[in-house]
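Below you'll find the structure, written out as structure tokens, and then a few comments.
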Protein chains: 2
Amino acid sequence: MAKAPVLTPRADDFPRWYQDLISKAELADNGPVRGTMVIRPYGYGLWERMQQEMDARIKEAGAQNAYFPLFIPQSYLTKEAEHVEGFAPELAVVTHGGGKELEEPVVVRPTSETIINDYFAKWVQSYRDLPLLINQWANVVRWEMRPRLFLRTSEFLWQEGHTAHATQEDARDYAAHIHKNVYAEFMENVLAMDVVLGRKTPKERFAGAVNTLTLEGMMGDGKALQMGTSHELGQNFAKAFGTQYLSKDGKQEYVWQTSWGSTTRMVGALVMMHGDDNGLRVPPRLAHTQVVVMAIKGDEAVAKVREVGAVLKAAGLRVHIDDRVDTPFGRRAVDWELKGVPARVEIGLRDLENGTAMLARRIPGGKEPVALDALAELLPKALEDDQAQLLRESRERRIARTRDVSTPEEAVEAAATGWARIPWAALGPEGEAKLAEQSVTVRCLVAEDGSVPEADDAPGTVAIVARAY
Amino acid sequence: MAKAPVLTPRADDFPRWYQDLISKAELADNGPVRGTMVIRPYGYGLWERMQQEMDARIKEAGAQNAYFPLFIPQSYLTKEAEHVEGFAPELAVVTHGGGKELEEPVVVRPTSETIINDYFAKWVQSYRDLPLLINQWANVVRWEMRPRLFLRTSEFLWQEGHTAHATQEDARDYAAHIHKNVYAEFMENVLAMDVVLGRKTPKERFAGAVNTLTLEGMMGDGKALQMGTSHELGQNFAKAFGTQYLSKDGKQEYVWQTSWGSTTRMVGALVMMHGDDNGLRVPPRLAHTQVVVMAIKGDEAVAKVREVGAVLKAAGLRVHIDDRVDTPFGRRAVDWELKGVPARVEIGLRDLENGTAMLARRIPGGKEPVALDALAELLPKALEDDQAQLLRESRERRIARTRDVSTPEEAVEAAATGWARIPWAALGPEGEAKLAEQSVTVRCLVAEDGSVPEADDAPGTVAIVARAY
């Protein structure tokens, strides 16, 4: 019996499929104010796990968490010329507080470089205070004209790192360390996402940075998504805010800075990278629920799933017990499929007699009977295989859908279905401007060997070109 | 040699001492916008530990985390009459977004009952969807005319729980469960704080609630601080937002709700409850740094503190290594004293020869030599003693500084140095109004046996009266 699909098939309408999935898997809803988002418990659980894993890596990199205010005096934004130009069109402005019009309007932070530099300038006195390595988990607001849940929302959640160093080299090394050893390591090993590491062209840099390092992922439809960025800020903000230190040889010097961020957009990436026509597929290392143990029906099955659930929890797995036997089994199974829980253990009356269960694996697909007492040993290994499969699939897709081209016209053509690689020398800023007319962008510059080039004009630099979210 | 005190002594000027401590222990700074706050890494670390401990208890109580938008349409606030009256004077209003004036101004959330009910009304269909138990960690804004760091700030961080239940009894029980088994349990067992559990008078209730349960702590100067609240909302918001469910017998019914919150103000309470003239004293179960292992000077001492630190970490302690031997030892010791780290292990050259260290304990005070190889066994026990001491001290202070009185005049007099207990029947709303003229308030109502009364007019109800932060 053919069933009507739960979701719009990806091949029919990818954006519609994405919206369907976000809604039916109960990840998020639109907020009442245009562009805002309600993150529902299942979606927030994914973000919480991302936070936990990232936070441990950020602390390992030596940064400490702190919290800076949501409200920034409007005048702060204007201190760094490129920064204000970049952010002015996206600001939300508070003009009234406590029943009165404010003397100076305040902006809701779009990012915190300015307010943080105001404090770095006070806290940093001598070379002994450096490096100063700060991270913040917070909400930020950038008014969004064409909102899309998780990908572009007027308010989003993120972490933003801000550091100050004594030398340019230290700052450069730290930005690269975050790029490679925090962001890329997390995305590949936890999110099971293939990402390309490169540097942005001058046109695509963060407003106020001298260099922006990026991680780009290829989504299921061949478009690119920027997954995170790490910026070298040079001394731009230090000079605007007077962030200086007394060096070992007694001179006042400006600090060298970095900033770096990753956001709830990673939840959207998870959907578009790993989702299929039946819903989301959550990488096991990320999943807050790795295994759902389902009672098909009957009190005996309910007792059994609790028992099996306890055994699997004791084996170190993250387990959810589904004993809602008053809701039809088929509806629950479709729901877990939509939510992408990696493994379902289904227990009914017949299984109880045999000491078996049906094991449904979301990532490779398929269902087979297993002995109940083999589960605790079998599942951890199966989940690691699933984790590896997702990373492999995303890498293979990116390789299969990337074409080497030699002209801007060919790059635009390739970007209709995937990514193009073109020598940066053959494209340059003029070629980049031409691509932009077709809504195609240079996602990043990479070296021939896949490493991150030291400069835009390093010999052999290749531009990765794509349409992007 | 008498040293100048690092802090203004508490007995000279308690508010000045508080400000000194917050600043010198590097807990927080004032933000550039009036009433806002920068939480520095050491202060934020305390909040992070509070979050971890609370979050585990909230999840244990069955609630799931989610995230609702910062921006709420102004019209939402007006739907519940008492709610808007309570919050209107404190709102921050965004009138411009994305370079344009907004058609409808939006308010920055002062709390989220209204926006959450908008979604509960969509998500709740049948009795099967209840109870719906949601928690959110977020920032909120209430414009503050007389700001004080951590205690009253225009923006603060908090958790806010919001639940919907099928019956009044379920809602009442859940509000009481959070009050007692989450908040009080956390405050006593982790924060080592004596708290009195009671109910607010009608005058002091949350705007829109039918009952507010509170936890009140006595600070070092005898004043009270509200540490957290748990509200029964009845059906007030459900009726305003149409939050209904289909009952088992097929009728549309309004849900019964609760909300409950605790904030970064708990960091301020920690200072005022446990601080002394030398600085903060952090309860060991809360401390993100329980033990600091300090090298006095020399490379050998540096090598040794790293070795000892690793051993103590392996023993399950939260350890910080202080090997900054280019900064004078005395300055560093004063700094750790200010920050209230429970134990300092100080290692110098002489100690190395003897296989000993000096152990300084912040909570009981004093310093004595200990064998290095005894530390891993000795410290966990010592820290548990310290934890118990802080709770005992705070309880003894509250008891010693609380007086039984029988008239409003005596209550005002008692409130100059501590708390008063007065029969609610002898005070009543008129007496409460009289106290208010002297800036003295009823902190809560308790039953004679110390339990929480079922109603304001339950026989034998006693009012706890105090000045408050």
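Following the order of the structure tokens, first chain is A, next is B, and so on, with residues numbered from 1 inside each chain and ligands from 1 in the order they appear.
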Check: If we count only C-alpha atoms, which residues of chain A reach to within 7 Å of chain B? Please list them as JSON, numbers by chain.
Finding: {"A": [31, 33, 36, 37, 38, 39, 40, 41, 44, 64, 65, 66, 67, 68, 69, 71, 72, 73, 89, 90, 91, 92, 93, 94, 95, 96, 97, 98, 99, 143]}
Margin query: According to DSSP computed on the backbone, where in range 14-70 of chain B is there strand (DSSP E)? Give the residues as a list in words.
Written below: Ala28, Asp29, Asn30, Met37, Val38, Ile39, Gln64 and Asn65 of chain B
Once you have the residues from the selection above, write them out as a CSV table (one decimal), in the first residue's frame, restricted to all heavy atoms.
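out.csv, written as the output of this step:
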chain,number,residue,atom,x,y,z
B,28,ALA,N,31.9,41.7,38.2
B,28,ALA,CA,31.1,42.4,37.2
B,28,ALA,C,31.5,43.9,37.2
B,28,ALA,O,32.1,44.4,38.1
B,28,ALA,CB,29.6,42.3,37.5
B,29,ASP,N,31.2,44.5,36.1
B,29,ASP,CA,31.3,45.9,35.9
B,29,ASP,C,30.0,46.5,35.5
B,29,ASP,O,29.1,45.8,34.9
B,29,ASP,CB,32.3,46.2,34.8
B,29,ASP,CG,33.8,46.2,35.2
B,29,ASP,OD1,34.0,46.0,36.4
B,29,ASP,OD2,34.6,46.2,34.3
B,30,ASN,N,29.8,47.8,35.7
B,30,ASN,CA,28.6,48.5,35.1
B,30,ASN,C,28.7,48.5,33.6
B,30,ASN,O,29.8,48.7,33.0
B,30,ASN,CB,28.5,49.9,35.6
B,30,ASN,CG,28.0,49.9,37.1
B,30,ASN,OD1,27.0,49.4,37.4
B,30,ASN,ND2,28.8,50.5,37.9
B,37,MET,N,24.9,45.5,32.8
B,37,MET,CA,26.0,44.8,33.6
B,37,MET,C,26.9,44.0,32.7
B,37,MET,O,26.4,43.2,31.8
B,37,MET,CB,25.3,44.0,34.7
B,37,MET,CG,26.2,43.0,35.4
B,37,MET,SD,25.4,42.2,36.8
B,37,MET,CE,24.0,41.3,36.0
B,38,VAL,N,28.2,44.1,32.9
B,38,VAL,CA,29.1,43.2,32.2
B,38,VAL,C,29.5,42.1,33.3
B,38,VAL,O,30.0,42.5,34.3
B,38,VAL,CB,30.4,43.9,31.8
B,38,VAL,CG1,31.4,42.9,31.2
B,38,VAL,CG2,30.0,45.0,30.7
B,39,ILE,N,29.2,40.9,33.0
B,39,ILE,CA,29.6,39.8,33.9
B,39,ILE,C,30.9,39.3,33.5
B,39,ILE,O,31.1,38.7,32.4
B,39,ILE,CB,28.5,38.7,34.0
B,39,ILE,CG1,27.1,39.3,34.2
B,39,ILE,CG2,28.8,37.7,35.1
B,39,ILE,CD1,26.0,38.3,34.2
B,64,GLN,N,11.4,20.5,29.9
B,64,GLN,CA,12.3,20.5,28.8
B,64,GLN,C,12.7,22.0,28.4
B,64,GLN,O,11.8,22.9,28.4
B,64,GLN,CB,11.7,19.9,27.5
B,64,GLN,CG,11.4,18.4,27.6
B,64,GLN,CD,10.8,17.9,26.3
B,64,GLN,OE1,9.7,18.2,26.0
B,64,GLN,NE2,11.6,17.2,25.6
B,65,ASN,N,13.9,22.2,28.0
B,65,ASN,CA,14.3,23.6,27.6
B,65,ASN,C,13.8,23.9,26.2
B,65,ASN,O,13.7,23.0,25.3
B,65,ASN,CB,15.8,23.7,27.7
B,65,ASN,CG,16.3,23.8,29.1
B,65,ASN,OD1,15.5,24.2,30.0
B,65,ASN,ND2,17.5,23.4,29.3
Item checked: Selection: 12 Å around Gln438 in chain B, only C-alpha atoms, excl. self and same-chain fewer than 2 positions, as number ranges by chain -> B: 408-409, 411-413, 415-416, 431-436, 440-442, 465-468
Would you write out those residues with N, CA, C and O atoms, as a PDB file, in the first residue's frame?
ATOM      1  N   PRO B 408       2.838  46.685  64.270  1.00  0.00           N
ATOM      2  CA  PRO B 408       3.583  47.184  63.106  1.00  0.00           C
ATOM      3  C   PRO B 408       4.763  48.058  63.526  1.00  0.00           C
ATOM      4  O   PRO B 408       5.822  48.008  62.900  1.00  0.00           O
ATOM      5  N   GLU B 409       4.590  48.855  64.574  1.00  0.00           N
ATOM      6  CA  GLU B 409       5.667  49.739  65.021  1.00  0.00           C
ATOM      7  C   GLU B 409       6.890  48.932  65.466  1.00  0.00           C
ATOM      8  O   GLU B 409       8.027  49.252  65.119  1.00  0.00           O
ATOM      9  N   ALA B 411       7.583  45.983  64.474  1.00  0.00           N
ATOM     10  CA  ALA B 411       8.133  45.315  63.283  1.00  0.00           C
ATOM     11  C   ALA B 411       9.097  46.241  62.557  1.00  0.00           C
ATOM     12  O   ALA B 411      10.188  45.836  62.135  1.00  0.00           O
ATOM     13  N   VAL B 412       8.715  47.525  62.448  1.00  0.00           N
ATOM     14  CA  VAL B 412       9.594  48.495  61.780  1.00  0.00           C
ATOM     15  C   VAL B 412      10.904  48.624  62.553  1.00  0.00           C
ATOM     16  O   VAL B 412      11.986  48.664  61.961  1.00  0.00           O
ATOM     17  N   GLU B 413      10.778  48.654  63.866  1.00  0.00           N
ATOM     18  CA  GLU B 413      11.980  48.771  64.693  1.00  0.00           C
ATOM     19  C   GLU B 413      12.895  47.555  64.506  1.00  0.00           C
ATOM     20  O   GLU B 413      14.111  47.695  64.321  1.00  0.00           O
ATOM     21  N   ALA B 415      13.084  45.665  61.989  1.00  0.00           N
ATOM     22  CA  ALA B 415      13.609  45.624  60.626  1.00  0.00           C
ATOM     23  C   ALA B 415      14.834  46.507  60.438  1.00  0.00           C
ATOM     24  O   ALA B 415      15.496  46.449  59.403  1.00  0.00           O
ATOM     25  N   ALA B 416      15.166  47.311  61.436  1.00  0.00           N
ATOM     26  CA  ALA B 416      16.380  48.129  61.332  1.00  0.00           C
ATOM     27  C   ALA B 416      17.632  47.256  61.393  1.00  0.00           C
ATOM     28  O   ALA B 416      18.679  47.621  60.849  1.00  0.00           O
ATOM     29  N   GLY B 431      -2.002  47.099  57.952  1.00  0.00           N
ATOM     30  CA  GLY B 431      -0.697  47.148  58.605  1.00  0.00           C
ATOM     31  C   GLY B 431       0.424  47.095  57.571  1.00  0.00           C
ATOM     32  O   GLY B 431       1.434  47.801  57.691  1.00  0.00           O
ATOM     33  N   GLU B 432       0.226  46.267  56.551  1.00  0.00           N
ATOM     34  CA  GLU B 432       1.223  46.140  55.481  1.00  0.00           C
ATOM     35  C   GLU B 432       1.432  47.495  54.789  1.00  0.00           C
ATOM     36  O   GLU B 432       2.570  47.876  54.480  1.00  0.00           O
ATOM     37  N   ALA B 433       0.354  48.214  54.557  1.00  0.00           N
ATOM     38  CA  ALA B 433       0.449  49.538  53.926  1.00  0.00           C
ATOM     39  C   ALA B 433       1.224  50.506  54.822  1.00  0.00           C
ATOM     40  O   ALA B 433       2.008  51.328  54.343  1.00  0.00           O
ATOM     41  N   LYS B 434       0.998  50.377  56.140  1.00  0.00           N
ATOM     42  CA  LYS B 434       1.723  51.252  57.072  1.00  0.00           C
ATOM     43  C   LYS B 434       3.228  50.985  57.041  1.00  0.00           C
ATOM     44  O   LYS B 434       4.031  51.901  57.062  1.00  0.00           O
ATOM     45  N   LEU B 435       3.591  49.684  57.009  1.00  0.00           N
ATOM     46  CA  LEU B 435       5.010  49.325  56.923  1.00  0.00           C
ATOM     47  C   LEU B 435       5.646  49.938  55.676  1.00  0.00           C
ATOM     48  O   LEU B 435       6.778  50.424  55.711  1.00  0.00           O
ATOM     49  N   ALA B 436       4.892  49.875  54.569  1.00  0.00           N
ATOM     50  CA  ALA B 436       5.437  50.331  53.287  1.00  0.00           C
ATOM     51  C   ALA B 436       5.872  51.791  53.356  1.00  0.00           C
ATOM     52  O   ALA B 436       6.833  52.196  52.693  1.00  0.00           O
ATOM     53  N   VAL B 440       9.413  49.198  54.630  1.00  0.00           N
ATOM     54  CA  VAL B 440       9.501  47.854  55.206  1.00  0.00           C
ATOM     55  C   VAL B 440       8.384  47.033  54.567  1.00  0.00           C
ATOM     56  O   VAL B 440       7.284  47.541  54.348  1.00  0.00           O
ATOM     57  N   THR B 441       8.679  45.766  54.214  1.00  0.00           N
ATOM     58  CA  THR B 441       7.685  44.966  53.491  1.00  0.00           C
ATOM     59  C   THR B 441       7.464  43.615  54.147  1.00  0.00           C
ATOM     60  O   THR B 441       8.314  43.126  54.896  1.00  0.00           O
ATOM     61  N   VAL B 442       6.294  43.051  53.852  1.00  0.00           N
ATOM     62  CA  VAL B 442       6.058  41.658  54.230  1.00  0.00           C
ATOM     63  C   VAL B 442       6.760  40.798  53.185  1.00  0.00           C
ATOM     64  O   VAL B 442       6.384  40.795  52.016  1.00  0.00           O
ATOM     65  N   VAL B 465       8.641  40.046  58.214  1.00  0.00           N
ATOM     66  CA  VAL B 465       8.708  41.462  57.835  1.00  0.00           C
ATOM     67  C   VAL B 465      10.161  41.920  57.846  1.00  0.00           C
ATOM     68  O   VAL B 465      10.910  41.579  58.759  1.00  0.00           O
ATOM     69  N   ALA B 466      10.559  42.682  56.816  1.00  0.00           N
ATOM     70  CA  ALA B 466      11.959  43.126  56.735  1.00  0.00           C
ATOM     71  C   ALA B 466      12.114  44.262  55.744  1.00  0.00           C
ATOM     72  O   ALA B 466      11.221  44.534  54.941  1.00  0.00           O
ATOM     73  N   ARG B 467      13.249  44.920  55.819  1.00  0.00           N
ATOM     74  CA  ARG B 467      13.709  45.731  54.689  1.00  0.00           C
ATOM     75  C   ARG B 467      14.303  44.765  53.683  1.00  0.00           C
ATOM     76  O   ARG B 467      14.810  43.714  54.062  1.00  0.00           O
ATOM     77  N   ALA B 468      14.243  45.129  52.395  1.00  0.00           N
ATOM     78  CA  ALA B 468      14.689  44.174  51.382  1.00  0.00           C
ATOM     79  C   ALA B 468      15.481  44.855  50.279  1.00  0.00           C
ATOM     80  O   ALA B 468      15.349  46.060  50.063  1.00  0.00           O
TER      81      ALA B 468
END
Item checked: Long-range neighbours of Ala360 in chain B as a PyMOL selection string, 8 Å cut-off, only C-alpha atoms, 4 positions minimum in chain -> chain B and resi 343-346+365-368
Write out the residues from the selection above, keeping N, CA and C atoms, as a compact mmCIF listing (two decimals), in the first residue's frame.
# COMPACT_ATOMS: atom_id res chain seq x y z
N ALA B 343 39.93 26.63 49.01
CA ALA B 343 41.22 26.14 49.53
C ALA B 343 42.37 26.62 48.66
N ARG B 344 43.45 27.07 49.33
CA ARG B 344 44.69 27.41 48.61
C ARG B 344 45.79 26.50 49.11
N VAL B 345 46.47 25.86 48.17
CA VAL B 345 47.64 25.06 48.52
C VAL B 345 48.85 25.85 48.03
N GLU B 346 49.70 26.30 48.97
CA GLU B 346 50.82 27.17 48.60
C GLU B 346 52.13 26.40 48.70
N GLY B 365 38.93 29.95 57.76
CA GLY B 365 40.09 30.82 57.94
C GLY B 365 41.27 30.03 58.47
N GLY B 366 42.47 30.65 58.47
CA GLY B 366 43.65 30.00 59.02
C GLY B 366 44.44 29.25 57.97
N LYS B 367 45.63 28.84 58.36
CA LYS B 367 46.61 28.29 57.45
C LYS B 367 47.45 27.31 58.23
N GLU B 368 47.72 26.13 57.68
CA GLU B 368 48.60 25.22 58.41
C GLU B 368 49.35 24.32 57.44
Notebook entry, point to check: Residues at most 7 Å from range 258-261 of chain B, counting only C-alpha atoms, excluding those fewer than 4 positions away in the same chain, as a list in words?
Noted result: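 Close residues of range 258-261 of chain B: Trp158, Gln159, Glu160, Gly161, His162, Thr163, Ala164, Ala171, Ala175, Gly228, Thr229, Ser230, His231, Glu232 and Leu233 of chain B.
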Next item on the list: Could you find all residues in range 255-458 of chain B that DSSP calls helix (DSSP H, G or I) from the backbone, and write them as a PyMOL selection string?
Entry: chain B and resi 265-274+299-314+329-339+349-354+372-400+408-414+424-437
Next item on the list: For Met219 in chain B, list every protein, DNA or RNA residue within 8 Å, evaluated using only C-alpha atoms, and leave out those in the same chain fewer than 2 positions away; present the list as a ChimeraX atom specification.
Entry: /B:217,221-225,269,272-273
Please produce a file of the residues just selected, as a PDB file, in the first residue's frame, where the atoms kept are N, CA and C atoms.
ATOM      1  N   GLY B 217      15.985  35.072  51.650  1.00  0.00           N
ATOM      2  CA  GLY B 217      17.240  34.858  52.363  1.00  0.00           C
ATOM      3  C   GLY B 217      17.614  36.102  53.156  1.00  0.00           C
ATOM      4  N   ASP B 221      23.720  41.952  56.317  1.00  0.00           N
ATOM      5  CA  ASP B 221      23.334  43.151  57.059  1.00  0.00           C
ATOM      6  C   ASP B 221      21.935  43.030  57.655  1.00  0.00           C
ATOM      7  N   GLY B 222      21.338  41.843  57.573  1.00  0.00           N
ATOM      8  CA  GLY B 222      20.017  41.647  58.164  1.00  0.00           C
ATOM      9  C   GLY B 222      18.855  41.947  57.231  1.00  0.00           C
ATOM     10  N   LYS B 223      19.129  42.493  56.044  1.00  0.00           N
ATOM     11  CA  LYS B 223      18.036  42.727  55.099  1.00  0.00           C
ATOM     12  C   LYS B 223      17.661  41.418  54.399  1.00  0.00           C
ATOM     13  N   ALA B 224      16.500  41.449  53.745  1.00  0.00           N
ATOM     14  CA  ALA B 224      16.032  40.266  53.027  1.00  0.00           C
ATOM     15  C   ALA B 224      16.295  40.411  51.534  1.00  0.00           C
ATOM     16  N   LEU B 225      16.465  39.264  50.872  1.00  0.00           N
ATOM     17  CA  LEU B 225      16.535  39.249  49.412  1.00  0.00           C
ATOM     18  C   LEU B 225      15.647  38.113  48.914  1.00  0.00           C
ATOM     19  N   ALA B 269      23.336  37.555  45.917  1.00  0.00           N
ATOM     20  CA  ALA B 269      22.985  36.952  47.205  1.00  0.00           C
ATOM     21  C   ALA B 269      24.168  36.189  47.789  1.00  0.00           C
ATOM     22  N   MET B 272      26.435  38.680  49.415  1.00  0.00           N
ATOM     23  CA  MET B 272      25.905  39.299  50.641  1.00  0.00           C
ATOM     24  C   MET B 272      25.615  38.277  51.734  1.00  0.00           C
ATOM     25  N   MET B 273      25.466  37.021  51.372  1.00  0.00           N
ATOM     26  CA  MET B 273      25.192  35.992  52.379  1.00  0.00           C
ATOM     27  C   MET B 273      26.502  35.454  52.961  1.00  0.00           C
TER      28      MET B 273
END
Notebook entry, point to check: Contacts of Thr214 in chain B at 8 Å or less, counting only C-alpha atoms, minus same-chain residues fewer than 4 places along, as a PyMOL selection string?
Noted result: chain B and resi 179+197-200+226-230+444
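Across the structure, CA of Thr461 in chain A and CA of Ala425 in chain A are spaced 7.4 Å apart.
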Notebook entry, point to check: Which residue out of B:Glu185, B:Asp55, B:Glu82, B:Asp194 has the minimum interatomic distance to Glu393 in chain B when only C-alpha atoms are used?
Noted result: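 Distance minimum relative to Glu393 in chain B lands on B:Asp194.
Distance annotation: of A:Asp373, A:Leu132, A:Tyr254, A:Leu215, the residue with the minimal separation from Val311 in chain A is A:Asp373; atom set is only C-alpha atoms.
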Next item on the list: For CA of Ala192 in chain A and CA of Gln51 in chain A, quote the distance in Å rounded to one decimal.
Entry: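 Atom-to-atom, CA of Ala192 in chain A and CA of Gln51 in chain A are spaced 15.7 Å apart.
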Next item on the list: Work out how far apart CA of Lys304 in chain A and CA of Val325 in chain A are and give it in Å to one decimal.
Entry: 12.9 Å
